[in-house]
Each structure stands twice: as structure tokens, then as C-alpha cells.
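Source file: entry_2.cif (mmCIF, C-alpha atoms and all ligand atoms)
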data_protein
#
loop_
_atom_site.label_atom_id
_atom_site.label_comp_id
_atom_site.auth_asym_id
_atom_site.auth_seq_id
_atom_site.Cartn_x
_atom_site.Cartn_y
_atom_site.Cartn_z
CA MET A 18 -20.47 -56.51 54.53
CA HIS A 19 -19.43 -53.19 56.08
CA LEU A 20 -19.61 -49.93 54.08
CA ARG A 21 -16.88 -47.41 54.83
CA LYS A 22 -16.75 -43.83 53.55
CA VAL A 23 -13.39 -42.81 52.13
CA ILE A 24 -12.01 -39.78 50.32
CA ARG A 25 -11.31 -40.23 46.63
CA ARG A 26 -8.00 -38.69 45.63
CA SER A 27 -7.64 -39.94 42.03
CA PRO A 28 -9.70 -38.64 39.06
CA VAL A 29 -13.24 -39.99 38.82
CA LEU A 30 -13.39 -40.19 35.03
CA LYS A 31 -10.87 -42.93 34.41
CA ALA A 32 -8.80 -43.20 31.26
CA PRO A 33 -10.75 -44.90 28.48
CA ALA A 34 -11.11 -48.61 28.89
CA PHE A 35 -10.40 -50.88 25.96
CA GLY A 36 -12.14 -53.82 24.46
CA CYS A 37 -15.91 -53.37 24.47
CA LEU A 38 -15.76 -50.16 26.48
CA ARG A 39 -12.86 -48.54 24.71
CA GLY A 40 -13.04 -44.78 24.61
CA ILE A 41 -15.84 -44.52 27.18
CA PRO A 42 -14.82 -43.15 30.58
CA SER A 43 -16.14 -45.21 33.45
CA VAL A 44 -17.28 -44.23 36.93
CA ASN A 45 -17.29 -46.46 40.00
CA LEU A 46 -19.06 -45.21 43.12
CA THR A 47 -17.39 -47.75 45.36
CA ARG A 48 -14.28 -49.83 45.61
CA GLY A 49 -15.60 -53.35 46.06
CA CYS A 50 -19.27 -54.19 45.59
CA LEU A 51 -21.89 -55.13 48.15
CA HIS A 52 -23.34 -57.76 45.84
CA ALA A 53 -20.26 -59.93 46.36
CA CYS A 54 -21.16 -62.40 43.59
CA VAL A 55 -19.34 -65.71 43.87
CA TYR A 56 -17.77 -65.42 40.40
CA CYS A 57 -16.82 -61.71 40.58
CA TYR A 58 -13.23 -61.19 39.50
CA ALA A 59 -13.20 -57.58 40.77
CA ARG A 60 -13.53 -59.01 44.29
CA ALA A 61 -10.19 -60.72 43.81
CA PHE A 62 -8.27 -57.61 42.69
CA PRO A 63 -5.44 -56.97 45.16
CA GLU A 64 -6.64 -53.37 45.63
CA THR A 65 -10.19 -54.44 46.55
CA PRO A 66 -10.73 -54.14 50.32
CA ARG A 67 -11.52 -57.37 52.12
CA GLY A 68 -14.67 -57.63 54.24
CA GLU A 69 -15.78 -54.07 53.49
CA VAL A 70 -16.73 -51.81 50.64
CA TRP A 71 -15.43 -48.26 50.31
CA LEU A 72 -17.85 -45.55 49.27
CA TYR A 73 -16.25 -42.42 47.86
CA GLY A 74 -17.82 -39.71 50.01
CA ASN A 75 -16.47 -36.84 47.88
CA LEU A 76 -17.24 -38.41 44.50
CA ALA A 77 -19.99 -35.98 43.48
CA GLU A 78 -17.90 -32.96 44.38
CA ARG A 79 -14.85 -34.28 42.51
CA LEU A 80 -16.87 -35.24 39.46
CA ARG A 81 -18.58 -31.83 39.38
CA THR A 82 -15.16 -30.14 39.37
CA GLU A 83 -13.82 -32.47 36.66
CA LEU A 84 -16.83 -31.89 34.43
CA ARG A 85 -16.57 -28.12 34.88
CA ARG A 86 -12.87 -28.16 33.95
CA LEU A 87 -13.37 -30.44 30.95
CA SER A 88 -16.28 -28.36 29.72
CA ALA A 89 -14.24 -25.15 29.99
CA ARG A 90 -11.57 -26.78 27.82
CA GLY A 91 -14.11 -28.13 25.34
CA ARG A 92 -13.15 -31.68 26.29
CA LEU A 93 -16.34 -32.93 27.83
CA PRO A 94 -16.91 -36.63 27.08
CA ARG A 95 -20.19 -37.38 25.37
CA ALA A 96 -20.80 -40.54 27.35
CA VAL A 97 -19.90 -42.30 30.56
CA THR A 98 -20.45 -45.84 31.68
CA PHE A 99 -20.97 -47.36 35.10
CA SER A 100 -20.24 -50.83 36.45
CA THR A 101 -16.77 -51.75 35.32
CA ALA A 102 -15.77 -52.90 38.81
CA SER A 103 -18.85 -52.34 40.98
CA ASP A 104 -22.61 -52.20 40.53
CA LEU A 105 -24.22 -48.76 40.28
CA PHE A 106 -27.25 -49.91 42.27
CA GLN A 107 -26.10 -51.65 45.43
CA PRO A 108 -28.30 -52.54 48.40
CA HIS A 109 -27.37 -49.72 50.78
CA PRO A 110 -29.17 -46.36 51.23
CA GLU A 111 -25.92 -44.35 51.05
CA VAL A 112 -24.88 -45.98 47.77
CA ARG A 113 -28.38 -45.52 46.35
CA ARG A 114 -28.36 -41.82 47.30
CA LEU A 115 -24.98 -41.29 45.69
CA ALA A 116 -26.04 -43.19 42.54
CA VAL A 117 -29.01 -40.86 42.06
CA GLU A 118 -26.88 -37.76 42.70
CA ILE A 119 -24.19 -38.84 40.23
CA LEU A 120 -26.73 -39.78 37.58
CA LYS A 121 -28.37 -36.35 37.91
CA LEU A 122 -24.99 -34.70 37.58
CA VAL A 123 -23.85 -36.46 34.41
CA LEU A 124 -27.26 -36.40 32.74
CA SER A 125 -27.72 -32.68 33.43
CA ALA A 126 -24.27 -32.10 31.93
CA GLY A 127 -25.67 -33.60 28.72
CA LEU A 128 -23.65 -36.84 28.83
CA ARG A 129 -25.03 -40.11 27.63
CA VAL A 130 -25.06 -42.82 30.27
CA SER A 131 -24.79 -46.56 30.08
CA PHE A 132 -25.06 -48.68 33.18
CA LEU A 133 -25.10 -52.38 33.81
CA THR A 134 -26.82 -53.64 36.93
CA LYS A 135 -27.91 -56.75 38.75
CA GLY A 136 -29.42 -54.68 41.54
CA TYR A 137 -32.69 -53.05 42.57
CA ILE A 138 -33.06 -49.83 40.61
CA PRO A 139 -34.12 -47.25 43.21
CA GLU A 140 -37.51 -45.61 42.78
CA GLU A 141 -35.96 -42.10 42.76
CA THR A 142 -34.05 -43.04 39.60
CA TRP A 143 -37.08 -43.67 37.41
CA PRO A 144 -38.14 -40.00 37.00
CA LEU A 145 -34.58 -39.28 35.83
CA PHE A 146 -34.88 -42.04 33.26
CA ALA A 147 -38.10 -40.43 32.03
CA ASP A 148 -36.64 -36.90 31.88
CA PHE A 149 -33.41 -37.95 30.15
CA SER A 150 -34.65 -40.95 28.20
CA SER A 151 -32.71 -40.11 25.03
CA GLN A 152 -29.41 -40.16 26.98
CA ILE A 153 -29.84 -43.46 28.79
CA ARG A 154 -28.76 -46.89 27.63
CA PRO A 155 -29.72 -49.36 30.37
CA ARG A 156 -28.26 -52.82 30.55
CA VAL A 157 -29.30 -55.50 32.98
CA GLY A 158 -27.15 -58.48 33.95
CA LEU A 159 -29.22 -61.65 33.98
CA VAL A 160 -27.74 -65.10 33.50
CA SER A 161 -30.60 -67.31 34.56
CA ILE A 162 -34.11 -67.06 35.89
CA SER A 163 -33.52 -70.03 38.20
CA ARG A 164 -33.92 -69.21 41.88
CA ASP A 165 -31.37 -71.88 42.76
CA TYR A 166 -28.81 -70.24 40.53
CA HIS A 167 -29.53 -66.88 42.18
CA ARG A 168 -29.25 -68.32 45.69
CA LEU A 169 -25.92 -70.00 44.94
CA PHE A 170 -24.10 -67.51 42.75
CA GLU A 171 -25.40 -63.99 43.39
CA PRO A 172 -27.69 -64.04 46.45
CA ARG A 173 -27.26 -60.35 47.33
CA THR A 174 -28.38 -59.09 43.92
CA ALA A 175 -32.00 -58.42 42.98
CA PRO A 176 -33.80 -61.73 42.30
CA PRO A 177 -34.39 -62.59 38.62
CA SER A 178 -38.13 -61.80 38.93
CA VAL A 179 -37.29 -58.25 40.09
CA ARG A 180 -34.80 -57.75 37.28
CA LEU A 181 -37.37 -58.98 34.76
CA SER A 182 -39.93 -56.48 36.07
CA GLN A 183 -37.35 -53.72 35.84
CA ILE A 184 -36.60 -54.77 32.26
CA GLU A 185 -40.31 -54.59 31.42
CA ARG A 186 -40.59 -51.17 33.02
CA LEU A 187 -37.57 -49.87 31.10
CA SER A 188 -39.01 -51.25 27.85
CA ALA A 189 -42.39 -49.68 28.56
CA MET A 190 -40.60 -46.31 28.85
CA GLY A 191 -39.03 -46.86 25.43
CA LEU A 192 -35.51 -47.19 26.84
CA GLU A 193 -34.64 -50.41 24.97
CA PRO A 194 -32.78 -52.28 27.72
CA SER A 195 -30.27 -54.85 26.61
CA VAL A 196 -29.24 -57.82 28.72
CA ARG A 197 -25.80 -59.11 29.55
CA ILE A 198 -25.73 -62.87 30.07
CA ASP A 199 -22.40 -63.14 31.83
CA PRO A 200 -21.00 -65.30 33.27
CA VAL A 201 -22.60 -68.31 31.64
CA ILE A 202 -21.81 -71.24 33.94
CA PRO A 203 -20.87 -74.21 31.74
CA GLY A 204 -23.07 -77.24 32.20
CA LEU A 205 -25.47 -75.29 34.41
CA THR A 206 -26.93 -72.18 32.83
CA ASP A 207 -26.24 -73.12 29.19
CA ARG A 208 -28.70 -76.00 28.99
CA GLU A 209 -31.27 -75.69 26.25
CA GLU A 210 -34.26 -75.63 28.60
CA ALA A 211 -32.61 -72.91 30.73
CA LEU A 212 -31.93 -70.79 27.66
CA GLU A 213 -35.46 -71.29 26.35
CA ALA A 214 -36.91 -70.15 29.67
CA LEU A 215 -34.63 -67.12 29.86
CA PHE A 216 -35.11 -65.96 26.27
CA ARG A 217 -38.87 -66.42 26.46
CA ARG A 218 -39.03 -64.07 29.45
CA LEU A 219 -36.63 -61.58 27.89
CA SER A 220 -38.57 -61.40 24.67
CA LEU A 221 -41.81 -60.89 26.63
CA GLY A 222 -40.02 -58.10 28.47
CA GLY A 223 -39.28 -56.30 25.21
CA VAL A 224 -35.55 -57.13 25.02
CA LYS A 225 -34.12 -57.08 21.52
CA GLU A 226 -30.44 -57.70 22.18
CA VAL A 227 -28.25 -59.71 24.54
CA SER A 228 -24.50 -60.06 24.93
CA VAL A 229 -23.15 -63.37 26.14
CA SER A 230 -19.96 -64.68 27.68
CA TYR A 231 -18.88 -67.77 29.57
CA LEU A 232 -17.31 -67.58 33.01
CA VAL A 233 -13.56 -66.95 32.92
CA LEU A 234 -11.49 -68.29 35.80
CA ARG A 235 -8.70 -66.52 37.62
CA PRO A 236 -6.90 -67.79 40.70
CA GLY A 237 -8.81 -65.46 43.05
CA VAL A 238 -12.15 -66.44 41.49
CA ILE A 239 -11.32 -70.12 41.88
CA ARG A 240 -10.60 -69.57 45.58
CA GLN A 241 -13.88 -67.70 46.06
CA MET A 242 -15.85 -70.41 44.30
CA ALA A 243 -14.11 -73.16 46.29
CA ARG A 244 -15.11 -71.39 49.51
CA GLU A 245 -18.63 -70.38 48.59
CA LEU A 246 -20.09 -73.03 46.30
CA PRO A 247 -21.16 -76.59 47.15
CA ALA A 248 -18.19 -78.88 46.42
CA GLY A 249 -19.99 -80.95 43.75
CA ILE A 250 -20.98 -77.88 41.73
CA PHE A 251 -17.51 -76.37 42.06
CA ARG A 252 -15.85 -79.59 40.84
CA ALA A 253 -18.25 -79.90 37.88
CA ILE A 254 -17.45 -76.33 36.80
CA LEU A 255 -13.69 -76.87 37.09
CA LYS A 256 -13.91 -79.88 34.75
CA CYS A 257 -14.94 -77.55 31.93
CA TYR A 258 -11.58 -75.75 32.30
CA GLU A 259 -9.37 -78.83 32.73
CA GLY A 260 -6.22 -78.70 30.59
CA GLN A 261 -6.81 -75.09 29.62
CA PRO A 262 -3.71 -72.86 29.77
CA TRP A 263 -3.46 -69.73 31.86
CA GLN A 264 -3.52 -66.87 29.40
CA LYS A 265 -3.85 -63.14 29.17
CA VAL A 266 -7.48 -62.08 28.89
CA ILE A 267 -8.52 -58.45 29.46
CA THR A 268 -6.52 -57.18 32.45
CA SER A 269 -5.20 -60.45 33.78
CA ALA A 270 -2.36 -62.63 32.56
CA THR A 271 -3.66 -65.58 34.57
CA THR A 272 -7.05 -66.36 33.12
CA LYS A 273 -8.55 -69.64 31.96
CA LEU A 274 -11.26 -69.82 29.34
CA ALA A 275 -13.77 -72.66 29.28
CA LYS A 276 -12.81 -75.30 26.71
CA ARG A 277 -13.32 -73.97 23.23
CA GLU A 278 -15.68 -76.76 22.16
CA ILE A 279 -17.94 -76.03 25.15
CA ARG A 280 -18.07 -72.34 24.32
CA GLU A 281 -18.59 -72.88 20.59
CA ARG A 282 -21.40 -75.34 21.20
CA GLY A 283 -22.95 -73.07 23.82
CA TYR A 284 -22.76 -69.90 21.73
CA ALA A 285 -24.31 -71.70 18.76
CA LEU A 286 -27.21 -72.68 21.01
CA PHE A 287 -27.55 -69.13 22.33
CA ARG A 288 -27.76 -67.86 18.75
CA GLU A 289 -30.28 -70.51 17.77
CA VAL A 290 -32.56 -69.84 20.73
CA GLY A 291 -32.06 -66.09 20.27
CA ARG A 292 -33.19 -66.37 16.63
CA ALA A 293 -36.28 -68.30 17.68
CA TYR A 294 -37.26 -65.46 20.02
CA GLY A 295 -36.20 -62.62 17.74
CA LEU A 296 -33.25 -61.51 19.90
CA ARG A 297 -29.90 -60.43 18.53
CA VAL A 298 -27.11 -62.35 20.30
CA ARG A 299 -23.63 -60.83 20.52
CA ILE A 300 -20.73 -62.84 21.88
CA CYS A 301 -18.43 -60.75 24.08
CA GLY A 302 -15.15 -60.39 22.18
CA CYS A 303 -13.06 -59.36 25.22
CA LYS A 304 -13.68 -62.63 27.00
CA ASN A 305 -13.34 -64.82 23.90
CA PRO A 306 -10.03 -63.74 22.37
CA ASP A 307 -9.75 -67.00 20.41
CA LEU A 308 -13.07 -66.51 18.58
CA PRO A 309 -13.98 -63.96 15.87
CA PHE A 310 -14.33 -60.62 17.69
CA GLU A 311 -17.73 -59.13 18.40
CA ASP A 312 -18.16 -55.78 20.05
CA CYS A 313 -20.85 -55.34 22.68
CA VAL A 314 -20.45 -51.60 23.13
CA PRO A 315 -23.58 -49.92 24.52
CA TRP A 316 -23.75 -47.50 21.57
CA GLU A 317 -23.34 -47.98 17.87
CA ARG A 318 -20.31 -46.16 16.59
CA GLY A 319 -18.04 -45.78 13.64
CA THR A 320 -14.40 -45.30 14.49
CA PRO A 321 -13.40 -45.97 18.09
CA ASP A 322 -13.73 -42.57 19.67
CA GLU A 323 -15.30 -40.38 17.04
CA ASN A 324 -18.77 -40.14 18.48
CA LEU A 325 -18.14 -40.49 22.20
CA TRP A 326 -15.96 -37.47 22.78
CA ASP A 327 -16.25 -33.91 21.57
CA LEU A 328 -12.49 -33.85 21.61
CA PRO A 329 -10.37 -36.77 22.66
CA LEU A 330 -9.44 -36.42 26.32
CA PHE A 331 -6.44 -38.61 25.72
CA SER A 332 -4.01 -38.38 22.87
CA ARG A 333 -5.21 -40.09 19.72
CA LYS A 334 -1.69 -41.41 19.16
CA ILE A 335 -1.58 -43.19 22.51
CA TYR A 336 -5.12 -44.31 21.95
CA SER A 337 -4.29 -45.84 18.56
CA VAL A 338 -1.39 -47.86 19.96
CA LYS A 339 -3.62 -49.24 22.68
CA TYR A 340 -6.43 -49.78 20.23
CA ALA A 341 -4.18 -51.89 18.02
CA ASP A 342 -3.58 -54.07 21.07
CA LYS A 343 -7.15 -53.99 22.22
CA PHE A 344 -7.94 -57.64 22.12
CA SER A 345 -4.71 -58.91 23.47
CA GLY A 346 -5.36 -57.85 26.97
CA SER A 347 -5.17 -54.28 28.18
CA GLY A 348 -8.32 -52.84 29.59
CA ILE A 349 -11.28 -53.11 31.80
CA SER A 350 -14.30 -55.23 31.23
CA GLU A 351 -17.56 -55.42 33.04
CA THR A 352 -18.34 -57.34 36.12
CA ALA A 353 -21.79 -56.26 37.19
S1 LIG B 401 -20.19 -59.27 39.50
FE1 LIG B 401 -20.91 -57.13 39.42
S2 LIG B 401 -22.66 -57.09 40.78
FE2 LIG B 401 -21.51 -58.94 41.27
S3 LIG B 401 -20.08 -58.34 42.89
FE3 LIG B 401 -18.98 -58.08 40.99
S4 LIG B 401 -19.32 -55.94 40.45
FE4 LIG B 401 -20.86 -56.45 41.95
#
What is this structure when it is put down as C-alpha cells?
Ligand code: SF4
Amino acid sequence: MHLRKVIRRSPVLKAPAFGCLRGIPSVNLTRGCLHACVYCYARAFPETPRGEVWLYGNLAERLRTELRRLSARGRLPRAVTFSTASDLFQPHPEVRRLAVEILKLVLSAGLRVSFLTKGYIPEETWPLFADFSSQIRPRVGLVSISRDYHRLFEPRTAPPSVRLSQIERLSAMGLEPSVRIDPVIPGLTDREEALEALFRRLSLGGVKEVSVSYLVLRPGVIRQMARELPAGIFRAILKCYEGQPWQKVITSATTKLAKREIRERGYALFREVGRAYGLRVRICGCKNPDLPFEDCVPWERGTPDENLWDLPLFSRKIYSVKYADKFSGSGISETA
């Protein structure tokens, strides 16, 4: 896929997302993502460029100006998150360079940083992790350790073995990486033996907590999967969504959840296997609006925005209205 440099004209620190990431401004280095995972719903957004990925060439400069202005007004956020619609660590030298520059910028400004990645973490990033260890909350996306799964669903991401080594390295530095198991593919990556194998490796890698969610389908995702997956696998996945209504989930009004009994059975198994390996399992509330809500925010907190902002960047009144509606749809979730 082609990488094109473009000028960013809108603010870098986006309005707070809702759901799991409510109140935490997010940063995306690119529009589109070079990983191009088969199930990625951000790929299907109408504003996502087709056949190329846009890199914001002026992102660092814009962000520096925004941080300076916010700091002067005493409105500096305490934390930022990466990877709401693109991976922070994508396989291109220009994206890697920008990722390191942006990380240096926000960490030096004293902000806490959470990222979620399925990519190769560049070597230049590790010294930053060591210098700013108390500000970093790393999260790694890993659904399965099967090479077949990787080849079929996310072949441009770092292979599971690389992600596991990165997890071990992060743990050895005391950074307490958590793992996002999303999207669970019904009938494929939720089998007991697959979960056992995954959790065994995660627990050996020092992981203490995972968040889990099943694949959600949207029309664009269905088209991608029909094009890019073997027909038999695609059909078997679709069966798990048969008869399900289109409904509003996170940002989209046309989303299908896997059948409730499949998810309930699967999540119970995740919890059971998690318990056996001493891992806390959280079920992503944003993508399971019909189940009791669980938050998988990267940081513990009390009230929604009290410990992430020195002063709320956005009006508390507006925030409260949105917050009341947080699980009925508005907001960004994570894709990486
Ligand atoms: S799922 Fe994440 S890593 Fe994969 S293409 Fe989408 S944004 Fe990139």
C-alpha cells in the first residue's frame, strides 16, 4: 500500500472519545493503516483513503503548538492514547520516525501515554520506555498465537511470536503490558485449546490482564472479509451472526453482534481459562452493549475525567450529556 504525506489541518488532540476511552484525547499519525487487517472497521470508514495511507507530515509541529497553547491556559491533558483508528507502529520508516518523535513530544510534556499495537515496536522507542516508564501504559493486540490465523487475518502485522517477545520485554522493564484480544473470531479463535495456548504464553510473558471482545460486523467489514478470506471460513463466520439485527454499536448504526449465546459461552470460557492462568479478564463493554458493562480503560480512575485532565478541555456539561449516553453508541473505540 502506498504512503502519501499530507498536511493536517484539523486539531491533533481530538475531542474525548467515549466508551472505554472516554475523556482521553487520542492521536492518530495516519489516516488509514498499513496493517490493513481483514476485519478492520476503520478501513471501511468513508473518509479512509482507498489503496493508500496518509501520513500527516506536519503532525509534530501542530501537536507541539497545541500542547504549548493548552499548557499556557492550564488545560494540558494528563494523558493521551494512540490507536483509535490506526496503529502507532506501522511497517514504514517514515511512520516509525514520526511515532518516535510524537512519543518524545508527549512524554517530555509530562503526559501519560497509552498505546495499543499489533506492530513491530521500533528499537529507538525502547530507551524512551525506559526513561519515561512511569508514564507508559502499553497494550498489545493479540488474538491468537496461530500462524494460520495471522496469515489469514492480519498478515502485515508483527507475527504473534514477535508480539510475545515484545510483551516479555515490556514486562521485564516493569511496564505491565496488558493484552487486547479483539476481535475474537467465533468458532475459530475461541476454542478451548486455542485459549489455553494463548493464555499460557501470556502468563509466561508476565501479562496480568486482558480485555476481550468478539468481532463485530459492519457492511464494509463484511465486504472486506468476503474479498480477502477463503470462502469456507467467511461463510462459517457469517453463520454466527445469522438472524442478528443491525444495531447501533459505538460509532455505527449498522453493526451486527455475534449471537448472544456464542458470546456468553465464549466469555465464560475466557474467564475460566484466565482464572486458571491468573489473568484478569475484562469484557469490552463498548462492543457488548447487551451485556453488563465492563470498562477496559488503560488507567484506573474514579469519575470519568477527574484524573485525566488538569482542567477539562471540553465543557463538563456537554461531557456529562455524552457520558450519560456513553454506551448507546457515540464514540470511538479501538481498532489496532
Ligand atoms: S485493526 Fe488496527 S492494526 Fe489492523 S488495520 Fe485496523 S487500525 Fe491497523
Exercise for the section: Skip range 213-219 of chain A itself and residues of its chain fewer than 6 positions away, then list as a PyMOL selection string all residues within 10 Å of it, counting all atoms listed in the file. Expected result: chain A and resi 159-163+177-178+181+184-185+195-196+198+206-207+225-227+286-287+290-296
Filtering to C-alpha atoms, could you give me those residues as a CSV table (one decimal), keeping the file's coordinate frame?
chain,number,residue,atom,x,y,z
A,159,LEU,CA,-29.2,-61.6,34.0
A,160,VAL,CA,-27.7,-65.1,33.5
A,161,SER,CA,-30.6,-67.3,34.6
A,162,ILE,CA,-34.1,-67.1,35.9
A,163,SER,CA,-33.5,-70.0,38.2
A,177,PRO,CA,-34.4,-62.6,38.6
A,178,SER,CA,-38.1,-61.8,38.9
A,181,LEU,CA,-37.4,-59.0,34.8
A,184,ILE,CA,-36.6,-54.8,32.3
A,185,GLU,CA,-40.3,-54.6,31.4
A,195,SER,CA,-30.3,-54.8,26.6
A,196,VAL,CA,-29.2,-57.8,28.7
A,198,ILE,CA,-25.7,-62.9,30.1
A,206,THR,CA,-26.9,-72.2,32.8
A,207,ASP,CA,-26.2,-73.1,29.2
A,225,LYS,CA,-34.1,-57.1,21.5
A,226,GLU,CA,-30.4,-57.7,22.2
A,227,VAL,CA,-28.2,-59.7,24.5
A,286,LEU,CA,-27.2,-72.7,21.0
A,287,PHE,CA,-27.6,-69.1,22.3
A,290,VAL,CA,-32.6,-69.8,20.7
A,291,GLY,CA,-32.1,-66.1,20.3
A,292,ARG,CA,-33.2,-66.4,16.6
A,293,ALA,CA,-36.3,-68.3,17.7
A,294,TYR,CA,-37.3,-65.5,20.0
A,295,GLY,CA,-36.2,-62.6,17.7
A,296,LEU,CA,-33.2,-61.5,19.9
Practice task
Write out as number ranges by chain each polymer residue (protein, DNA or RNA) that has an atom no more than 9 Å from ligand LIG 401 (chain B), with only C-alpha atoms and all ligand atoms counted.
Solution key: A: 49-60, 100-107, 133-136, 158, 171, 173-174, 199-200, 351-353
Problem - Shell around Gln183 in chain A at 10 Å using all atoms listed in the file, local window under 5 positions removed, as JSON, numbers by chain - result: {"A": [136, 137, 138, 157, 177, 178, 188, 189, 194, 222]}
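As for CA of Glu278 in chain A and CA of Pro306 in chain A, they are spaced 14.2 Å apart.
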Excluding same-chain residues fewer than 4 positions from Met190 in chain A, what lies within 9 Å of it counting all atoms listed in the file, as a PDB file with C-alpha atoms, keeping the file's coordinate frame?
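The new file out-v9.pdb reads:
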ATOM      1  CA  PHE A 146     -34.880 -42.040  33.260  1.00  0.00           C
ATOM      2  CA  ALA A 147     -38.100 -40.430  32.030  1.00  0.00           C
ATOM      3  CA  SER A 150     -34.650 -40.950  28.200  1.00  0.00           C
ATOM      4  CA  GLU A 185     -40.310 -54.590  31.420  1.00  0.00           C
ATOM      5  CA  ARG A 186     -40.590 -51.170  33.020  1.00  0.00           C
TER       6      ARG A 186
END
Exercise for the section: Enter the distance from CA of Leu274 in chain A to CA of Arg252 in chain A, in Å, rounded to one decimal. Expected result: 15.8 Å
